[in-house]
$ cat model_26.tsv   # TSV, C-alpha atoms
chain	number	residue	atom	x	y	z
A	11	MET	CA	11.50	-40.33	-114.58
A	12	ALA	CA	11.22	-42.76	-111.68
A	13	GLU	CA	14.35	-41.33	-110.05
A	14	LYS	CA	13.03	-37.79	-110.44
A	15	ASN	CA	9.68	-38.72	-108.93
A	16	ALA	CA	11.36	-40.40	-105.97
A	17	ALA	CA	13.42	-37.29	-105.36
A	18	THR	CA	10.53	-34.83	-105.50
A	19	ALA	CA	7.87	-36.78	-103.60
A	20	ARG	CA	7.15	-35.69	-100.02
A	21	LEU	CA	5.12	-37.23	-97.22
A	22	ILE	CA	3.95	-34.60	-94.77
A	23	ALA	CA	2.26	-35.63	-91.53
A	24	ILE	CA	-0.06	-33.24	-89.72
A	25	ASP	CA	-1.24	-34.20	-86.25
A	26	GLY	CA	-3.16	-32.52	-83.45
A	27	SER	CA	-5.78	-33.00	-80.76
A	28	ARG	CA	-8.66	-31.42	-82.71
A	29	GLY	CA	-9.80	-32.74	-86.05
A	30	THR	CA	-11.04	-29.32	-87.15
A	31	ASP	CA	-7.59	-27.77	-86.74
A	32	VAL	CA	-5.82	-30.66	-88.47
A	33	ALA	CA	-8.21	-30.51	-91.43
A	34	LYS	CA	-7.89	-26.73	-91.82
A	35	ASP	CA	-4.10	-26.85	-91.62
A	36	ALA	CA	-3.98	-29.62	-94.21
A	37	GLU	CA	-6.18	-27.67	-96.63
A	38	ALA	CA	-4.18	-24.47	-96.11
A	39	LEU	CA	-0.83	-26.19	-96.63
A	40	ALA	CA	-2.08	-28.08	-99.70
A	41	ALA	CA	-3.30	-24.82	-101.24
A	42	GLU	CA	0.07	-23.22	-100.55
A	43	VAL	CA	1.96	-26.13	-102.09
A	44	ARG	CA	-0.23	-26.06	-105.21
A	45	GLU	CA	0.16	-22.31	-105.50
A	46	HIS	CA	3.90	-22.89	-105.73
A	47	GLY	CA	3.37	-25.29	-108.62
A	48	ALA	CA	3.59	-28.71	-106.99
A	49	THR	CA	1.07	-31.54	-107.12
A	50	CYS	CA	-0.44	-32.21	-103.70
A	51	MET	CA	-3.12	-34.48	-102.28
A	52	ILE	CA	-4.53	-34.98	-98.79
A	53	SER	CA	-5.01	-38.42	-97.25
A	54	ARG	CA	-7.63	-38.24	-94.51
A	55	TRP	CA	-8.65	-40.69	-91.82
A	56	ASP	CA	-11.43	-43.19	-92.56
A	57	ALA	CA	-10.63	-43.40	-96.27
A	58	SER	CA	-11.41	-47.10	-95.85
A	59	GLY	CA	-14.87	-46.46	-94.41
A	60	LEU	CA	-14.18	-48.70	-91.40
A	61	PHE	CA	-15.04	-46.01	-88.86
A	62	GLY	CA	-18.29	-45.24	-90.65
A	63	GLU	CA	-19.28	-48.90	-90.48
A	64	LEU	CA	-18.34	-49.09	-86.80
A	65	ALA	CA	-20.48	-46.06	-85.98
A	66	GLN	CA	-23.49	-47.68	-87.64
A	67	ALA	CA	-23.14	-50.95	-85.74
A	68	ASP	CA	-25.39	-51.80	-82.80
A	69	ASP	CA	-24.06	-50.88	-79.37
A	70	GLN	CA	-23.67	-54.55	-78.45
A	71	GLN	CA	-21.63	-55.24	-81.60
A	72	ARG	CA	-19.19	-52.34	-81.29
A	73	HIS	CA	-17.00	-53.54	-78.40
A	74	VAL	CA	-15.56	-50.05	-78.20
A	75	SER	CA	-12.32	-49.45	-76.31
A	76	ALA	CA	-9.27	-47.27	-76.84
A	77	ARG	CA	-7.33	-50.37	-77.92
A	78	ASN	CA	-9.93	-51.41	-80.48
A	79	LEU	CA	-10.21	-47.91	-81.91
A	80	THR	CA	-6.42	-47.78	-82.25
A	81	LEU	CA	-6.42	-51.05	-84.16
A	82	VAL	CA	-9.14	-49.73	-86.48
A	83	PHE	CA	-7.05	-46.60	-87.08
A	84	ALA	CA	-4.07	-48.81	-87.92
A	85	ALA	CA	-6.15	-50.82	-90.39
A	86	ASP	CA	-7.47	-47.63	-91.95
A	87	LEU	CA	-3.95	-46.22	-92.19
A	88	ALA	CA	-2.76	-49.41	-93.90
A	89	PHE	CA	-5.54	-48.87	-96.44
A	90	ARG	CA	-4.51	-45.24	-96.94
A	91	LEU	CA	-0.88	-46.21	-97.43
A	92	ARG	CA	-1.75	-48.94	-99.92
A	93	TRP	CA	-4.28	-47.07	-102.04
A	94	GLU	CA	-3.55	-43.36	-101.55
A	95	ILE	CA	-0.19	-42.45	-100.04
A	96	ARG	CA	2.31	-44.83	-101.66
A	97	PRO	CA	0.86	-44.58	-105.21
A	98	ALA	CA	0.93	-40.78	-105.01
A	99	LEU	CA	4.50	-40.73	-103.68
A	100	LEU	CA	5.63	-43.09	-106.44
A	101	ALA	CA	4.09	-40.68	-108.94
A	102	GLY	CA	6.18	-37.86	-107.47
A	103	HIS	CA	3.41	-36.05	-105.66
A	104	VAL	CA	3.35	-34.32	-102.30
A	105	VAL	CA	1.07	-36.16	-99.87
A	106	ILE	CA	-0.31	-34.62	-96.69
A	107	ALA	CA	-1.44	-37.30	-94.24
A	108	ALA	CA	-3.86	-35.60	-91.87
A	109	PRO	CA	-3.92	-37.12	-89.34
A	110	TYR	CA	-1.03	-39.57	-89.20
A	111	VAL	CA	0.51	-41.84	-86.57
A	112	ASP	CA	1.17	-39.36	-83.75
A	113	THR	CA	-2.51	-38.44	-83.43
A	114	ALA	CA	-3.53	-42.04	-82.82
A	115	VAL	CA	-0.57	-42.80	-80.55
A	116	SER	CA	-0.95	-39.70	-78.38
A	117	LEU	CA	-4.69	-40.24	-77.93
A	118	ALA	CA	-4.23	-43.90	-77.05
A	119	MET	CA	-1.48	-43.02	-74.57
A	120	ALA	CA	-3.83	-40.48	-72.99
A	121	CYS	CA	-6.26	-43.38	-72.54
A	122	GLY	CA	-3.61	-45.40	-70.72
A	123	LEU	CA	-2.16	-47.63	-73.46
A	124	SER	CA	1.54	-48.41	-73.61
A	125	GLU	CA	3.67	-46.40	-76.05
A	126	LYS	CA	5.82	-49.47	-76.66
A	127	TRP	CA	2.77	-51.47	-77.76
A	128	LEU	CA	1.47	-48.59	-79.84
A	129	ARG	CA	4.75	-48.08	-81.70
A	130	SER	CA	4.77	-51.81	-82.39
A	131	VAL	CA	1.27	-51.60	-83.87
A	132	PHE	CA	2.28	-48.77	-86.20
A	133	ARG	CA	5.72	-50.05	-87.16
A	134	PHE	CA	4.40	-50.71	-90.68
A	135	ALA	CA	3.90	-46.97	-91.28
A	136	PRO	CA	6.91	-45.14	-92.77
A	137	ALA	CA	8.22	-42.16	-90.84
A	138	ALA	CA	7.13	-38.89	-92.41
A	139	PRO	CA	10.17	-36.80	-93.46
A	140	VAL	CA	8.14	-33.64	-92.78
A	141	ARG	CA	6.04	-33.38	-89.62
A	142	GLY	CA	3.73	-30.58	-88.59
A	143	PHE	CA	1.51	-30.13	-85.54
A	144	SER	CA	-1.61	-27.99	-85.48
A	145	ARG	CA	-1.56	-25.16	-82.97
A	146	GLU	CA	-3.69	-26.24	-80.06
A	147	ARG	CA	-6.74	-24.05	-79.56
A	148	LYS	CA	-9.27	-23.98	-76.71
A	149	VAL	CA	-6.91	-26.08	-74.61
A	150	ASP	CA	-9.08	-25.68	-71.51
A	151	ARG	CA	-11.95	-27.54	-73.17
A	152	GLY	CA	-12.67	-31.13	-74.02
A	153	TRP	CA	-13.84	-32.45	-77.37
A	154	LYS	CA	-17.24	-32.09	-78.93
A	155	ARG	CA	-18.57	-35.62	-79.22
A	156	ARG	CA	-19.03	-35.70	-82.98
A	157	LEU	CA	-18.78	-38.68	-85.30
A	158	ASP	CA	-18.40	-36.41	-88.34
A	159	ARG	CA	-15.40	-34.41	-87.07
A	160	GLY	CA	-11.86	-35.58	-86.47
A	161	TYR	CA	-10.55	-38.86	-85.14
A	162	PRO	CA	-10.27	-37.62	-81.51
A	163	GLU	CA	-13.85	-36.28	-81.56
A	164	TYR	CA	-15.07	-39.55	-83.04
A	165	CYS	CA	-13.30	-41.54	-80.33
A	166	ALA	CA	-14.66	-39.25	-77.61
A	167	ALA	CA	-18.20	-39.88	-78.85
A	168	LEU	CA	-17.89	-43.67	-78.88
A	169	LEU	CA	-15.82	-43.98	-75.71
A	170	THR	CA	-18.28	-41.79	-73.79
A	171	ASP	CA	-21.16	-43.96	-74.98
A	172	ALA	CA	-19.29	-47.09	-73.90
A	173	ASP	CA	-18.08	-45.75	-70.55
A	174	ALA	CA	-19.87	-42.91	-68.78
A	175	SER	CA	-16.78	-42.32	-66.63
A	176	PHE	CA	-14.62	-41.40	-69.64
A	177	LYS	CA	-13.17	-37.94	-68.95
A	178	VAL	CA	-13.20	-35.95	-72.19
A	179	LYS	CA	-11.49	-32.81	-70.91
A	180	ARG	CA	-8.78	-34.61	-68.95
A	181	THR	CA	-8.05	-37.04	-71.78
A	182	ARG	CA	-7.62	-34.22	-74.28
A	183	ALA	CA	-5.29	-32.36	-71.91
A	184	THR	CA	-3.15	-35.48	-71.55
A	185	MET	CA	-3.16	-36.00	-75.31
A	186	ILE	CA	-1.85	-32.47	-75.83
A	187	GLU	CA	0.97	-33.19	-73.38
A	188	ARG	CA	1.88	-36.34	-75.29
A	189	LEU	CA	1.86	-34.47	-78.60
A	190	GLU	CA	4.16	-31.81	-77.17
A	191	GLY	CA	6.61	-34.51	-76.23
A	192	MET	CA	6.56	-35.88	-79.79
A	193	LYS	CA	7.32	-32.65	-81.63
A	194	GLY	CA	11.08	-32.55	-81.36
A	195	ARG	CA	13.26	-29.94	-83.01
A	196	LYS	CA	12.44	-30.78	-86.63
A	197	ALA	CA	8.68	-30.18	-86.54
A	198	SER	CA	7.56	-27.73	-89.23
A	199	ALA	CA	5.61	-24.64	-88.23
A	200	LEU	CA	2.10	-24.48	-89.67
A	201	SER	CA	1.73	-20.72	-89.35
A	202	LYS	CA	1.16	-18.78	-92.56
A	203	ARG	CA	4.86	-18.00	-92.85
A	204	GLY	CA	5.76	-21.59	-91.99
A	205	ARG	CA	3.46	-22.93	-94.70
A	206	GLU	CA	4.92	-20.54	-97.27
A	207	THR	CA	8.47	-21.56	-96.39
A	208	LEU	CA	7.65	-25.26	-96.54
A	209	ALA	CA	5.79	-24.92	-99.86
A	210	ARG	CA	8.62	-22.91	-101.37
A	211	THR	CA	11.15	-25.53	-100.32
A	212	ILE	CA	9.08	-28.33	-101.82
A	213	ALA	CA	8.52	-26.42	-105.06
A	214	ALA	CA	12.25	-25.80	-105.39
A	215	THR	CA	12.79	-29.57	-105.76
A	216	GLY	CA	10.85	-29.51	-109.03
A	217	SER	CA	7.70	-31.47	-108.27
A	218	ARG	CA	5.26	-31.64	-111.17
A	219	ALA	CA	2.63	-28.98	-111.80
A	220	ALA	CA	-0.48	-29.18	-109.68
A	221	SER	CA	-3.49	-31.14	-110.90
A	222	PRO	CA	-6.93	-30.24	-109.50
A	223	SER	CA	-8.14	-33.76	-110.25
A	224	GLN	CA	-5.51	-35.46	-108.09
A	225	ALA	CA	-7.35	-38.10	-106.06
A	226	ALA	CA	-7.67	-37.69	-102.32
A	227	SER	CA	-9.91	-39.04	-99.60
A	228	PRO	CA	-12.82	-36.62	-99.08
A	229	PRO	CA	-13.60	-35.04	-95.71
A	230	ARG	CA	-15.93	-37.09	-93.54
A	231	THR	CA	-18.63	-34.42	-93.82
A	232	GLU	CA	-18.74	-35.07	-97.57
A	233	ARG	CA	-18.94	-38.85	-97.35
A	234	LYS	CA	-22.13	-40.83	-97.60
$ encode --input "model_26.tsv" --output "structure tokens"
Amino acid sequence: MAEKNAATARLIAIDGSRGTDVAKDAEALAAEVREHGATCMISRWDASGLFGELAQADDQQRHVSARNLTLVFAADLAFRLRWEIRPALLAGHVVIAAPYVDTAVSLAMACGLSEKWLRSVFRFAPAAPVRGFSRERKVDRGWKRRLDRGYPEYCAALLTDADASFKVKRTRATMIERLEGMKGRKASALSKRGRETLARTIAATGSRAASPSQAASPPRTERK
């Protein structure tokens, strides 16, 4: 059974510059995978609650910077890998990590951090065999500064509070450029047809039947 589970498990990374798009694509792909008879869960950012605690801290205690936020993301991802992603993969499930490493790296690079340093920070995270990128929408706009949206929106809110000169629109545009450079030839399309093809391929490997009770980190809007 262990060999079968190892063969059928899949880690799928979904990244993008807008948390709303990443979340919607993750939900749509998970539904498609389950419809094809495979067990699937979604691992979302801030499963550890670290970002929620940071947002509640006093301004003087936050010490917000792009570097610090990246390190918090890394700590949160380590938590997700330990308690969500690896256990589910060992059980033979499909796991959608939304977002994953490229979201944090591309945003940090857009803020001026070194890619070499960033890749070193995230070297503990296994490469996702399947990678998808949300289609960028409203590319001429910056982020809405919202703590309850995606990771980029959260960062925009805190970085703007910490530094009035932080350029939301320009930083997002640069992040999109960095994401484009990370796609490569093997990125999976997240269009409706692309999701169907990916789900069909996963189901063909014989992953176990879907379970509605499969644990997953809830969306930030549903957390208390």
$ closest_residue --input "model_26.tsv" --among "A:Glu146, A:Asp158, A:Asp86, A:Glu94" --to "Asp25 of chain A" --atoms "only C-alpha atoms"
A:Glu146
$ residues_around --input "model_26.tsv" --residues "segment 106-122 of chain A" --least-positions-apart "6" --cutoff "9 Å" --atoms "all atoms listed in the file" --output "ChimeraX atom specification"
/A:20-27,29,32-33,35-36,39-40,50-55,76-77,79-80,83-84,87,90,95,128-129,132,135,137-138,160-162,180-189,192
$ closest_residue --input "model_26.tsv" --among "A:Ala19, A:Gly194, A:Ser175, A:Thr170" --to "Pro97 of chain A" --atoms "all atoms listed in the file"
A:Ala19
$ closest_residue --input "model_26.tsv" --among "A:Arg159, A:Lys34, A:Arg92, A:Lys177" --to "Phe143 of chain A" --atoms "only C-alpha atoms"
A:Lys34
$ closest_residue --input "model_26.tsv" --among "A:Thr211, A:Asp171, A:Gly142, A:Gly152" --to "Ala199 of chain A" --atoms "all atoms listed in the file"
A:Gly142
$ closest_residue --input "model_26.tsv" --among "A:Val82, A:Leu100, A:Ala48, A:Thr207" --to "Gly62 of chain A" --atoms "all atoms listed in the file"
A:Val82
$ closest_residue --input "model_26.tsv" --among "A:Trp93, A:Arg151, A:Leu99, A:Phe61" --to "Leu81 of chain A" --atoms "all atoms listed in the file"
A:Phe61
$ atom_distance --input "model_26.tsv" --atom1 "atom CA of Gly47 of chain A" --atom2 "atom CA of Ala213 of chain A"
6.4 Å
$ residues_around --input "model_26.tsv" --residues "Arg205 of chain A" --least-positions-apart "4" --cutoff "8 Å" --atoms "only C-alpha atoms" --output "PyMOL selection string"
chain A and resi 38-39+42+199-201+209
$ write_last_selection --input "model_26.tsv" --atoms "C-alpha atoms" --output "mmCIF file, in the coordinates of the input"
data_model
loop_
_atom_site.group_PDB
_atom_site.id
_atom_site.type_symbol
_atom_site.label_atom_id
_atom_site.label_comp_id
_atom_site.auth_asym_id
_atom_site.auth_seq_id
_atom_site.Cartn_x
_atom_site.Cartn_y
_atom_site.Cartn_z
ATOM 1 C CA ALA A 38 -4.180 -24.470 -96.110
ATOM 2 C CA LEU A 39 -0.830 -26.190 -96.630
ATOM 3 C CA GLU A 42 0.070 -23.220 -100.550
ATOM 4 C CA ALA A 199 5.610 -24.640 -88.230
ATOM 5 C CA LEU A 200 2.100 -24.480 -89.670
ATOM 6 C CA SER A 201 1.730 -20.720 -89.350
ATOM 7 C CA ALA A 209 5.790 -24.920 -99.860
#
$ atom_distance --input "model_26.tsv" --atom1 "atom CA of Val43 of chain A" --atom2 "atom CA of Arg96 of chain A"
18.7 Å
$ atom_distance --input "model_26.tsv" --atom1 "atom CA of Gln66 of chain A" --atom2 "atom CA of Ala166 of chain A"
15.8 Å
$ axis_aligned_box --input "model_26.tsv" --around "segment 198-217 of chain A" --padding-each-side "6 Å" --output "lines of an AutoDock Vina configuration file"
center_x = 7.0
center_y = -24.7
center_z = -98.6
size_x = 23.6
size_y = 25.5
size_z = 32.8
$ decode --input "model_26.tsv" --residues "segment 19-31 of chain A" --atoms "C-alpha atoms" --output "CSV table (one decimal), in the first residue's frame"
chain,number,residue,atom,x,y,z
A,19,ALA,CA,0.4,11.2,-4.6
A,20,ARG,CA,0.8,14.6,-6.3
A,21,LEU,CA,2.0,17.9,-5.1
A,22,ILE,CA,0.6,20.7,-7.2
A,23,ALA,CA,1.9,24.3,-6.7
A,24,ILE,CA,-0.3,27.2,-7.7
A,25,ASP,CA,1.3,30.7,-7.7
A,26,GLY,CA,0.3,34.2,-8.8
A,27,SER,CA,0.3,37.9,-7.9
A,28,ARG,CA,-3.2,38.0,-6.6
A,29,GLY,CA,-4.4,35.9,-3.7
A,30,THR,CA,-8.0,35.9,-5.0
A,31,ASP,CA,-7.0,34.3,-8.3
